[in-house]
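Here is the file input_36.txt (compact mmCIF, C-alpha atoms and all ligand atoms).
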# COMPACT_ATOMS: atom_id res chain seq x y z
CA MET T 1207 21.07 67.71 215.76
CA ILE T 1208 23.50 66.33 218.36
CA GLU T 1209 24.90 69.80 218.88
CA SER T 1210 21.43 71.22 219.51
CA HIS T 1211 20.74 68.41 221.98
CA PHE T 1212 23.74 69.41 224.09
CA GLN T 1213 22.95 73.07 223.66
CA GLU T 1214 19.55 72.38 225.20
CA TRP T 1215 21.18 70.56 228.07
CA LEU T 1216 23.51 73.46 228.62
CA ALA T 1217 20.56 75.85 228.63
CA LEU T 1218 18.69 73.60 231.07
CA LEU T 1219 21.60 73.46 233.51
CA ILE T 1220 22.27 77.18 233.37
CA ARG T 1221 18.57 78.02 233.74
CA TRP T 1222 18.37 75.69 236.72
CA GLY T 1223 21.36 77.42 238.33
CA HIS T 1224 19.97 80.85 237.48
CA MET T 1225 16.69 80.00 239.19
CA ILE T 1226 18.41 78.65 242.29
CA ALA T 1227 20.67 81.72 242.61
CA GLY T 1228 17.69 84.00 241.98
CA ILE T 1229 15.59 82.31 244.64
CA ALA T 1230 18.45 82.56 247.15
CA TRP T 1231 18.95 86.24 246.35
CA ILE T 1232 15.35 87.41 246.23
CA GLY T 1233 14.45 85.10 249.10
CA ALA T 1234 17.12 86.62 251.36
CA SER T 1235 16.09 90.09 250.26
CA PHE T 1236 12.41 89.38 251.06
CA TYR T 1237 13.43 87.89 254.38
CA PHE T 1238 15.50 90.89 255.50
CA ASN T 1239 12.77 93.20 254.37
CA TRP T 1240 10.33 91.22 256.45
CA LEU T 1241 12.71 91.34 259.46
CA GLU T 1242 12.96 95.10 259.15
CA ASN T 1243 9.16 95.44 259.11
CA GLN T 1244 8.56 93.02 261.97
CA LEU T 1245 11.23 94.17 264.45
CA GLU T 1246 9.92 95.06 267.85
CA ARG T 1247 11.44 98.50 267.99
CA ARG T 1248 13.27 99.89 270.98
CA THR T 1249 14.37 103.44 271.53
CA GLY T 1250 17.36 104.94 273.28
CA GLU T 1251 19.36 101.72 273.28
CA ASP T 1252 22.19 100.19 271.27
CA ILE T 1253 19.65 97.70 269.98
CA ALA T 1254 17.20 99.03 267.37
CA GLY T 1255 14.87 96.09 267.85
CA ASP T 1256 14.56 92.34 268.12
CA LEU T 1257 12.21 89.51 267.34
CA TRP T 1258 11.51 85.87 268.05
CA ALA T 1259 10.72 83.31 265.38
CA VAL T 1260 10.16 79.59 265.20
CA HIS T 1261 11.20 77.66 262.11
CA GLY T 1262 12.29 74.15 261.24
CA GLY T 1263 11.77 72.89 264.78
CA GLY T 1264 13.82 75.53 266.57
CA PHE T 1265 13.52 78.99 268.12
CA TYR T 1266 15.45 81.92 266.74
CA TYR T 1267 16.16 85.21 268.45
CA LEU T 1268 17.41 88.07 266.30
CA GLN T 1269 18.60 91.52 267.23
CA LYS T 1270 19.28 94.52 265.06
CA TYR T 1271 21.86 97.04 266.25
CA ALA T 1272 21.02 100.73 266.09
CA VAL T 1273 24.43 101.44 264.52
CA ALA T 1274 26.97 98.68 265.01
CA PRO T 1275 28.07 96.20 267.66
CA PRO T 1276 30.86 97.37 270.01
CA ASP T 1277 33.27 94.76 268.58
CA MET T 1278 33.64 93.19 265.20
CA PRO T 1279 32.03 89.72 265.25
CA ARG T 1280 34.35 86.90 264.21
CA HIS T 1281 31.96 85.57 261.57
CA LEU T 1282 30.04 88.20 259.70
CA HIS T 1283 27.82 86.89 256.90
CA TRP T 1284 27.55 88.92 253.73
CA PHE T 1285 24.86 88.46 251.13
CA LYS T 1286 26.32 89.25 247.76
CA TRP T 1287 27.20 86.10 245.86
CA GLU T 1288 23.53 85.26 245.43
CA ALA T 1289 23.13 88.49 243.47
CA TYR T 1290 26.34 88.12 241.47
CA ALA T 1291 25.63 84.48 240.62
CA THR T 1292 22.14 85.42 239.44
CA TRP T 1293 23.54 88.02 237.06
CA ILE T 1294 26.38 85.87 235.75
CA SER T 1295 24.10 82.89 235.10
CA GLY T 1296 21.52 85.24 233.55
CA LEU T 1297 24.09 86.59 231.12
CA ALA T 1298 25.16 83.03 230.27
CA LEU T 1299 21.53 82.16 229.62
CA LEU T 1300 21.10 85.18 227.33
CA ILE T 1301 24.07 83.96 225.33
CA VAL T 1302 23.02 80.31 225.13
CA VAL T 1303 19.32 80.87 224.49
CA TYR T 1304 19.24 84.13 222.54
CA TYR T 1305 22.67 85.00 221.08
CA TRP T 1306 23.83 81.53 220.07
CA ASP T 1307 21.07 81.29 217.48
CA ALA T 1308 20.30 84.99 217.19
CA ARG T 1309 18.68 84.58 213.78
CA SER T 1310 15.91 82.50 215.34
CA PHE T 1311 15.55 84.12 218.75
CA MET T 1312 16.64 87.77 218.45
CA LEU T 1313 15.32 88.82 215.06
CA ASN T 1314 11.90 89.46 213.65
CA PRO T 1315 12.24 90.32 209.97
CA SER T 1316 8.69 91.70 209.91
CA VAL T 1317 9.63 94.52 212.32
CA ALA T 1318 13.25 95.25 211.37
CA ASP T 1319 15.80 94.00 208.90
CA ILE T 1320 18.97 94.07 211.00
CA SER T 1321 21.95 91.74 211.32
CA GLU T 1322 22.42 89.29 214.16
CA ALA T 1323 25.51 91.17 215.34
CA LEU T 1324 23.58 94.44 215.47
CA ALA T 1325 20.72 92.81 217.38
CA ILE T 1326 23.12 91.44 219.98
CA THR T 1327 24.88 94.81 220.25
CA ILE T 1328 21.55 96.55 220.77
CA GLY T 1329 20.63 94.01 223.43
CA LEU T 1330 23.86 94.44 225.39
CA ALA T 1331 23.82 98.23 224.96
CA SER T 1332 20.33 98.37 226.45
CA LEU T 1333 21.70 96.83 229.67
CA ALA T 1334 24.55 99.33 229.95
CA LEU T 1335 22.41 102.33 229.02
CA SER T 1336 19.71 101.39 231.53
CA TRP T 1337 22.22 101.29 234.37
CA THR T 1338 23.75 104.62 233.28
CA TRP T 1339 20.35 106.34 233.12
CA TYR T 1340 19.26 104.91 236.44
CA ASP T 1341 22.50 105.77 238.22
CA LEU T 1342 22.38 109.36 236.91
CA LEU T 1343 18.77 109.69 238.09
CA CYS T 1344 19.71 108.43 241.55
CA ARG T 1345 22.37 111.14 241.83
CA SER T 1346 20.08 113.88 240.49
CA PRO T 1347 17.70 116.04 242.61
CA LEU T 1348 14.84 114.04 241.06
CA ALA T 1349 15.74 111.16 243.37
CA ARG T 1350 14.36 113.11 246.32
CA SER T 1351 10.81 112.79 244.99
CA PRO T 1352 9.75 109.14 244.85
CA LEU T 1353 6.91 109.97 242.46
CA ALA T 1354 9.05 111.91 239.96
CA PHE T 1355 11.78 109.30 240.19
CA SER T 1356 9.36 106.42 239.57
CA ALA T 1357 7.85 108.29 236.61
CA ALA T 1358 11.30 108.84 235.08
CA MET T 1359 12.19 105.15 235.49
CA LEU T 1360 8.84 104.01 234.13
CA ALA T 1361 9.26 106.30 231.12
CA TRP T 1362 12.69 104.79 230.51
CA PHE T 1363 11.52 101.18 230.65
CA GLY T 1364 8.43 101.98 228.55
CA LEU T 1365 10.65 103.63 225.94
CA LEU T 1366 13.13 100.76 226.05
CA ALA T 1367 10.38 98.16 225.58
CA PHE T 1368 8.95 100.21 222.70
CA VAL T 1369 12.26 100.73 220.91
CA LEU T 1370 13.43 97.13 221.40
CA GLY T 1371 10.01 95.91 220.23
CA GLY T 1372 10.62 97.76 216.96
CA LEU T 1373 14.04 96.18 216.47
CA LEU T 1374 13.98 92.66 217.93
CA SER T 1375 11.59 89.75 218.28
CA GLY T 1376 8.93 90.38 220.93
CA ARG T 1377 10.40 87.76 223.20
CA ALA T 1378 13.93 89.16 222.92
CA ALA T 1379 12.64 92.70 223.53
CA TYR T 1380 10.97 91.60 226.77
CA ILE T 1381 13.89 89.57 228.05
CA HIS T 1382 16.27 92.48 227.49
CA VAL T 1383 14.06 94.85 229.48
CA GLY T 1384 14.07 92.20 232.23
CA ALA T 1385 17.83 91.78 231.97
CA ALA T 1386 18.24 95.57 232.13
CA ILE T 1387 16.24 95.70 235.37
CA GLY T 1388 18.23 92.76 236.75
CA THR T 1389 21.48 94.48 235.79
CA ILE T 1390 20.42 97.62 237.68
CA MET T 1391 19.60 95.53 240.74
CA VAL T 1392 22.88 93.64 240.74
CA ALA T 1393 24.92 96.75 239.98
CA ASN T 1394 23.23 98.38 242.98
CA VAL T 1395 24.54 95.55 245.14
CA PHE T 1396 27.99 95.59 243.58
CA ARG T 1397 28.59 99.32 243.25
CA VAL T 1398 26.63 100.88 246.12
CA ILE T 1399 25.27 98.50 248.74
CA ILE T 1400 28.33 96.32 249.34
CA PRO T 1401 30.77 99.30 249.31
CA ALA T 1402 28.56 101.01 251.92
CA GLN T 1403 28.66 97.91 254.10
CA LYS T 1404 32.43 97.75 253.71
CA GLU T 1405 32.68 101.37 254.87
CA LEU T 1406 30.56 100.49 257.91
CA VAL T 1407 32.78 97.54 258.77
CA SER T 1408 36.04 99.40 258.31
CA ALA T 1409 34.77 102.35 260.39
CA LEU T 1410 34.04 99.88 263.18
CA GLU T 1411 37.48 98.29 262.85
CA GLN T 1412 39.16 101.69 262.92
CA ASN T 1413 37.07 102.85 265.83
CA ARG T 1414 35.66 105.87 264.04
CA ALA T 1415 32.16 107.08 263.22
CA PRO T 1416 31.07 105.75 259.80
CA ASP T 1417 30.45 108.22 256.99
CA PRO T 1418 26.62 108.34 256.79
CA GLY T 1419 26.58 109.12 253.03
CA PRO T 1420 27.21 105.64 251.61
CA GLY T 1421 24.74 104.12 254.07
CA GLN T 1422 21.98 106.47 252.94
CA ASN T 1423 22.68 105.72 249.27
CA ALA T 1424 22.65 102.01 250.01
CA LEU T 1425 19.26 102.28 251.70
CA GLN T 1426 17.85 104.14 248.71
CA ARG T 1427 19.22 101.53 246.27
CA SER T 1428 18.01 98.60 248.29
CA ARG T 1429 14.52 100.15 248.41
CA HIS T 1430 14.58 100.42 244.63
CA ASN T 1431 15.68 96.80 244.33
CA ASN T 1432 12.80 95.81 246.54
CA TYR T 1433 10.27 97.47 244.24
CA LEU T 1434 11.89 96.04 241.11
CA THR T 1435 11.61 92.40 242.21
CA LEU T 1436 8.05 91.73 241.06
CA PRO T 1437 8.42 93.37 237.63
CA VAL T 1438 11.67 91.53 236.93
CA LEU T 1439 10.16 88.18 237.95
CA PHE T 1440 7.15 88.78 235.71
CA ILE T 1441 9.40 89.49 232.73
CA MET T 1442 11.46 86.36 233.41
CA ILE T 1443 8.38 84.14 233.13
CA SER T 1444 6.76 86.16 230.32
CA SER T 1445 8.59 84.16 227.65
CA HIS T 1446 6.09 81.36 228.33
CA TYR T 1447 3.18 83.68 227.56
CA PRO T 1448 3.13 84.89 223.95
CA MET T 1449 -0.07 86.87 224.66
CA THR T 1450 2.19 89.35 226.51
CA TYR T 1451 5.31 89.77 224.36
CA GLY T 1452 3.38 88.95 221.19
CA HIS T 1453 0.73 91.63 221.74
CA PRO T 1454 0.70 94.48 219.16
CA GLN T 1455 1.28 96.93 222.06
CA ALA T 1456 3.62 94.61 223.93
CA TRP T 1457 5.47 97.55 225.50
CA LEU T 1458 2.27 98.81 227.11
CA VAL T 1459 1.43 95.36 228.45
CA LEU T 1460 4.89 95.24 230.02
CA VAL T 1461 4.57 98.72 231.56
CA VAL T 1462 1.13 98.09 233.06
CA ILE T 1463 1.97 94.67 234.49
CA SER T 1464 5.18 96.12 235.98
CA VAL T 1465 3.28 98.98 237.61
CA ALA T 1466 0.87 96.42 239.04
CA GLY T 1467 3.87 94.52 240.43
CA VAL T 1468 5.22 97.67 242.09
CA LEU T 1469 1.82 98.42 243.67
CA VAL T 1470 1.53 94.90 245.05
CA ARG T 1471 5.06 95.11 246.43
CA HIS T 1472 4.19 98.44 248.05
CA TYR T 1473 1.25 96.80 249.77
CA PHE T 1474 3.54 94.15 251.28
CA ASN T 1475 5.95 96.85 252.42
CA ILE T 1476 3.43 99.05 254.21
CA ARG T 1477 0.70 96.69 255.30
CA HIS T 1478 1.95 96.64 258.90
CA GLN T 1479 2.16 100.37 259.22
CA ALA T 1480 -0.63 102.09 257.39
CA GLY T 1481 -4.36 101.66 257.53
CA ARG T 1482 -6.10 100.98 254.21
CA SER T 1483 -2.88 99.54 252.80
CA TRP T 1484 -5.05 96.96 251.02
CA ALA T 1485 -6.05 99.74 248.60
CA TRP T 1486 -2.60 99.34 246.98
CA LEU T 1487 -3.10 95.62 246.59
CA LEU T 1488 -6.54 96.19 245.15
CA ALA T 1489 -5.19 98.78 242.70
CA GLY T 1490 -2.49 96.34 241.54
CA LEU T 1491 -4.92 93.46 241.08
CA LEU T 1492 -7.39 95.74 239.32
CA LEU T 1493 -4.70 96.84 236.86
CA LEU T 1494 -3.93 93.18 236.11
CA ALA T 1495 -7.62 92.44 235.53
CA VAL T 1496 -7.96 95.46 233.23
CA MET T 1497 -4.85 94.33 231.32
CA ALA T 1498 -6.17 90.79 230.92
CA TRP T 1499 -9.37 92.19 229.45
CA TRP T 1500 -7.79 94.89 227.31
CA SER T 1501 -5.21 92.56 225.76
CA ARG T 1502 -7.80 89.99 224.65
CA PRO T 1503 -7.37 88.87 221.03
CA GLN T 1504 -9.19 91.01 218.52
CA ALA T 1505 -10.95 89.69 215.45
CA VAL T 1506 -8.40 89.61 212.65
CA ALA T 1507 -9.17 91.49 209.46
CA GLY T 1508 -9.57 89.11 206.55
CA ALA T 1509 -10.69 86.19 208.67
CA ASP T 1510 -14.45 86.24 208.65
CA SER T 1511 -17.29 84.07 207.59
CA VAL T 1512 -17.37 85.67 204.13
CA GLY T 1513 -13.71 84.84 203.50
CA PRO T 1514 -12.93 81.87 201.26
CA ARG T 1515 -13.23 78.57 203.08
CA VAL T 1516 -9.98 76.75 203.55
CA SER T 1517 -9.95 73.00 204.18
CA THR T 1518 -7.87 71.42 206.92
CA ALA T 1519 -5.84 69.60 204.26
CA SER T 1520 -4.88 72.89 202.57
CA ALA T 1521 -4.16 74.45 205.93
CA TRP T 1522 -1.85 71.57 206.73
CA ARG T 1523 0.01 72.01 203.43
CA ILE T 1524 0.92 75.52 204.66
CA VAL T 1525 1.90 74.19 208.08
CA ASN T 1526 3.94 71.44 206.48
CA ALA T 1527 5.87 74.00 204.44
CA ARG T 1528 6.36 76.57 207.19
CA CYS T 1529 6.31 74.80 210.55
CA VAL T 1530 7.24 71.13 210.31
CA ALA T 1531 10.96 71.80 209.86
CA CYS T 1532 10.93 72.47 213.61
CA HIS T 1533 7.62 71.05 214.84
CA ALA T 1534 8.22 67.38 214.11
CA ARG T 1535 9.33 64.48 216.24
CA GLU T 1536 12.67 64.62 214.45
CA PRO T 1537 13.00 68.19 213.20
CA SER T 1538 14.96 68.74 210.01
CA ASN T 1539 16.06 72.16 211.29
CA ALA T 1540 19.50 71.53 212.76
CA GLY T 1541 18.81 73.90 215.64
CA PHE T 1542 16.30 71.53 217.25
CA SER T 1543 16.60 67.98 218.47
CA SER T 1544 12.91 67.59 219.36
CA ALA T 1545 9.68 69.44 218.63
CA PRO T 1546 9.71 72.82 220.47
CA GLN T 1547 7.36 72.69 223.46
CA GLY T 1548 6.39 69.19 222.37
CA ILE T 1549 4.16 70.60 219.62
CA GLU T 1550 4.37 68.18 216.68
CA LEU T 1551 2.51 69.30 213.59
CA ASP T 1552 3.59 66.63 211.12
CA SER T 1553 0.13 65.34 210.19
CA VAL T 1554 -3.33 66.69 209.47
CA ASP T 1555 -4.54 65.07 212.69
CA MET T 1556 -1.90 66.82 214.74
CA LEU T 1557 -2.92 70.12 213.18
CA ARG T 1558 -6.49 69.42 214.36
CA VAL T 1559 -5.21 68.66 217.86
CA HIS T 1560 -3.24 71.90 218.06
CA ALA T 1561 -5.61 74.00 215.95
CA GLU T 1562 -6.23 76.77 218.45
CA ARG T 1563 -2.59 77.15 219.48
CA VAL T 1564 -1.51 77.22 215.84
CA TYR T 1565 -4.07 79.92 215.10
CA THR T 1566 -2.98 81.99 218.11
CA ALA T 1567 0.73 81.69 217.33
CA VAL T 1568 0.37 82.46 213.61
CA VAL T 1569 -2.47 84.96 213.50
CA ILE T 1570 -2.90 86.62 216.91
CA THR T 1571 0.54 86.92 218.45
CA ARG T 1572 2.41 86.21 215.18
CA THR T 1573 5.24 84.74 217.23
CA MET T 1574 5.44 81.80 214.77
CA PRO T 1575 7.15 80.76 212.57
CA LEU T 1576 10.07 81.59 214.83
CA GLY T 1577 11.86 84.64 213.41
CA ASN T 1578 9.82 83.85 210.27
CA LEU T 1579 12.74 81.65 209.30
CA THR T 1580 10.51 79.73 206.90
CA ASN T 1581 9.25 82.88 205.15
CA MET T 1582 5.55 82.53 205.76
CA THR T 1583 3.58 85.04 203.68
CA GLU T 1584 0.77 87.33 204.82
CA GLN T 1585 -1.54 85.51 202.45
CA GLU T 1586 -0.79 82.22 204.19
CA ARG T 1587 -1.53 83.75 207.59
CA THR T 1588 -4.91 84.93 206.28
CA GLN T 1589 -5.58 81.47 204.84
CA LEU T 1590 -4.85 79.85 208.21
CA ALA T 1591 -7.11 82.41 209.87
CA ASN T 1592 -9.93 81.56 207.46
CA TRP T 1593 -9.34 77.86 207.97
CA PHE T 1594 -9.56 78.23 211.73
CA GLU T 1595 -12.82 80.21 211.56
CA GLY T 1596 -14.38 77.38 209.60
CA PHE T 1597 -12.72 74.68 211.68
CA GLN T 1598 -14.16 76.17 214.86
CA ALA T 1599 -17.61 76.46 213.32
CA GLY T 1600 -17.31 72.80 212.35
CA HIS T 1601 -17.62 73.08 208.57
CA THR T 1602 -14.26 72.18 207.11
CA ARG T 1603 -15.70 69.46 204.92
CA GLU T 1604 -17.37 71.73 202.42
CA PRO T 1605 -18.30 70.18 199.06
CA GLY T 1606 -15.43 69.98 196.68
CA ALA T 1607 -12.89 70.57 199.40
CA ASP T 1608 -9.78 68.46 199.22
CA ASP T 1609 -10.21 67.35 202.81
C1 LIG T 1701 12.64 77.66 213.32
C2 LIG T 1701 11.89 76.77 214.13
C3 LIG T 1701 10.39 76.98 214.22
C4 LIG T 1701 9.49 77.13 213.20
C5 LIG T 1701 9.74 77.14 211.70
C6 LIG T 1701 8.20 77.21 213.84
N1 LIG T 1701 8.33 77.15 215.19
FE1 LIG T 1701 6.84 77.15 216.57
N2 LIG T 1701 8.18 77.12 218.06
C7 LIG T 1701 9.54 77.12 217.91
C8 LIG T 1701 10.16 77.27 219.19
C9 LIG T 1701 11.64 77.30 219.49
C10 LIG T 1701 9.12 77.36 220.13
C11 LIG T 1701 9.25 77.53 221.63
C12 LIG T 1701 9.20 78.97 221.96
C13 LIG T 1701 9.18 79.18 223.43
O1 LIG T 1701 9.74 78.37 224.17
O2 LIG T 1701 8.61 80.19 223.81
C14 LIG T 1701 7.89 77.25 219.38
C15 LIG T 1701 6.66 77.29 219.98
C16 LIG T 1701 5.48 77.15 219.28
C17 LIG T 1701 4.17 77.10 219.89
C18 LIG T 1701 3.87 77.16 221.37
C19 LIG T 1701 4.19 78.49 221.93
C20 LIG T 1701 3.42 79.58 221.31
O3 LIG T 1701 4.04 80.55 220.83
O4 LIG T 1701 2.18 79.49 221.30
C21 LIG T 1701 3.27 76.98 218.87
C22 LIG T 1701 1.77 76.86 218.98
C23 LIG T 1701 4.01 76.96 217.63
N3 LIG T 1701 5.34 77.07 217.91
C24 LIG T 1701 3.43 76.88 216.40
C25 LIG T 1701 4.13 77.01 215.22
C26 LIG T 1701 3.52 77.08 213.91
C27 LIG T 1701 2.04 76.98 213.64
C28 LIG T 1701 4.52 77.24 213.01
C29 LIG T 1701 4.39 77.42 211.51
C30 LIG T 1701 3.60 78.48 211.07
C31 LIG T 1701 5.77 77.25 213.75
N4 LIG T 1701 5.49 77.12 215.07
C32 LIG T 1701 7.01 77.34 213.15
C33 LIG T 1701 10.23 76.96 216.73
C34 LIG T 1701 9.66 77.03 215.47
What does the file become when written as structure tokens?
Amino acid sequence: MIESHFQEWLALLIRWGHMIAGIAWIGASFYFNWLENQLERRTGEDIAGDLWAVHGGGFYYLQKYAVAPPDMPRHLHWFKWEAYATWISGLALLIVVYYWDARSFMLNPSVADISEALAITIGLASLALSWTWYDLLCRSPLARSPLAFSAAMLAWFGLLAFVLGGLLSGRAAYIHVGAAIGTIMVANVFRVIIPAQKELVSALEQNRAPDPGPGQNALQRSRHNNYLTLPVLFIMISSHYPMTYGHPQAWLVLVVISVAGVLVRHYFNIRHQAGRSWAWLLAGLLLLAVMAWWSRPQAVAGADSVGPRVSTASAWRIVNARCVACHAREPSNAGFSSAPQGIELDSVDMLRVHAERVYTAVVITRTMPLGNLTNMTEQERTQLANWFEGFQAGHTREPGADD
């Protein structure tokens, strides 16, 4: 109880820090990308381009050098700790939120009967394997064709989401795909982009021409990072939306929304150069609309008007047995110090208040009970489905019902 209270505080503080570092990192990356696209280009000079901007009550004048300044500036700002801090805090968050109580947050006994240790190992291995696969692809001839490269990466993430979805809880599967993408992005900074910048700086200090190889690799990797930002941000917020990770084809939902993110990002990258760039934006938004429609909840077998009527009182007896350990003002489950997401289900009236969300969580996305810790049966899910059908139609007070 007290322990879980402080665990929540720890998670809150780390999440807060993770968000701040992430904003600083992605924000700087968006800003430099914007600079690059907006530069007023010059040719045949030491300066590649410049631009004027006004912000916060002052004027700024920025120049980009074609190669490097003649002398090393005294203060050169690097942008790397934003990325490292995002990854370190993200890993800490994985541990505090998912691994600490892996039974509740990593496992889903209805998809796979594995141990907590194995689930955590699978999660961490998926990060390492993703980086290895990506890094190999970047060094292969495939990297020269953006289309083939994107297809190979998409296939990998689709496969990863599918395999993890068959081993872990839907939410854990999603967050590990997101963490794998984030790991690739940070490893790009750590292993390729920063070393290339160091080579540039040391070439300047030693008065020699820089080796162009690392610089070209760094450009490729930073382009990839740029396209990965929208998918990774979607996955980070997806844990608030069970209709995504709780969908029967959750992996497909993830793939399609990620592709939409890449298309939208592409629009922002090329909108100043190409005509009809809005077609990319339109394609991305269209994909999202199609996904929203396609993923709509389907009627659940067994829950129809001919099914046995279930009164609200009997429905609540199920909820009381399977949900109230966590969803009460003072949960008896030691892992919680207050009702998760403020959803208290400890009376028939509260069940009425939350009827639709209960139905969605138990019957549609099946994300509840969490990790099915309370061993809810299929029969009970069907009973709750039947109850909700009747509840919605307004006839839960059938004669003889114990309501
Ligand atoms: C072991 C603890 C536990 C049990 C048992 C449990 N829940 Fe939850 N529930 C949680 C947690 C934790 C969250 C928050 C998840 C999140 O932040 O995404 C949650 C979130 C929810 C939500 C809101 C988010 C969503 O998925 O829609 C609903 C509704 C819900 N639970 C309903 C239920 C019902 C109904 C039952 C019983 C059938 C149940 N829960 C059993 C822990 C539990």
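Put simply, atom CA of Trp1457 of chain T is 25.2 Å away from atom CA of His1224 of chain T.
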- Between atom CA of Leu1491 of chain T and atom CA of Val1470 of chain T, distance in Å (one decimal):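 Atom CA of Val1470 of chain T lies at a distance of 7.7 Å from atom CA of Leu1491 of chain T.
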- Surroundings of ligand LIG 1701 (chain T) up to 7 Å, based on all atoms listed in the file, as JSON, numbers by chain: {"T": [1310, 1445, 1446, 1448, 1525, 1528, 1529, 1530, 1531, 1532, 1533, 1539, 1546, 1547, 1549, 1563, 1564, 1565, 1566, 1567, 1568, 1573, 1574, 1575, 1576, 1578, 1579, 1580, 1582]}
- Message: To one decimal place in Å, what is the distance between atom CA of His1472 of chain T and atom CA of Pro1352 of chain T?
- Response: 12.5 Å
- Task: Would you please work out which residue, of T:Ala1521, T:Val1554, T:Ala1334, T:Val1317, is nearest to Phe1368 of chain T when using all atoms listed in the file?
- Result: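 Ranked by minimum distance to Phe1368 of chain T, first place goes to T:Val1317.
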- Counting only C-alpha atoms, what is within 6 Å of Gly1467 of chain T, bar same-chain residues fewer than 2 positions away, as a PyMOL selection string? chain T and resi 1436-1437+1464-1465+1469-1470
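If you measure from each of T:Tyr1433, T:Phe1594, T:Tyr1451, T:Trp1362 to Asn1475 of chain T using all atoms listed in the file, the closest one turns out to be T:Tyr1433.
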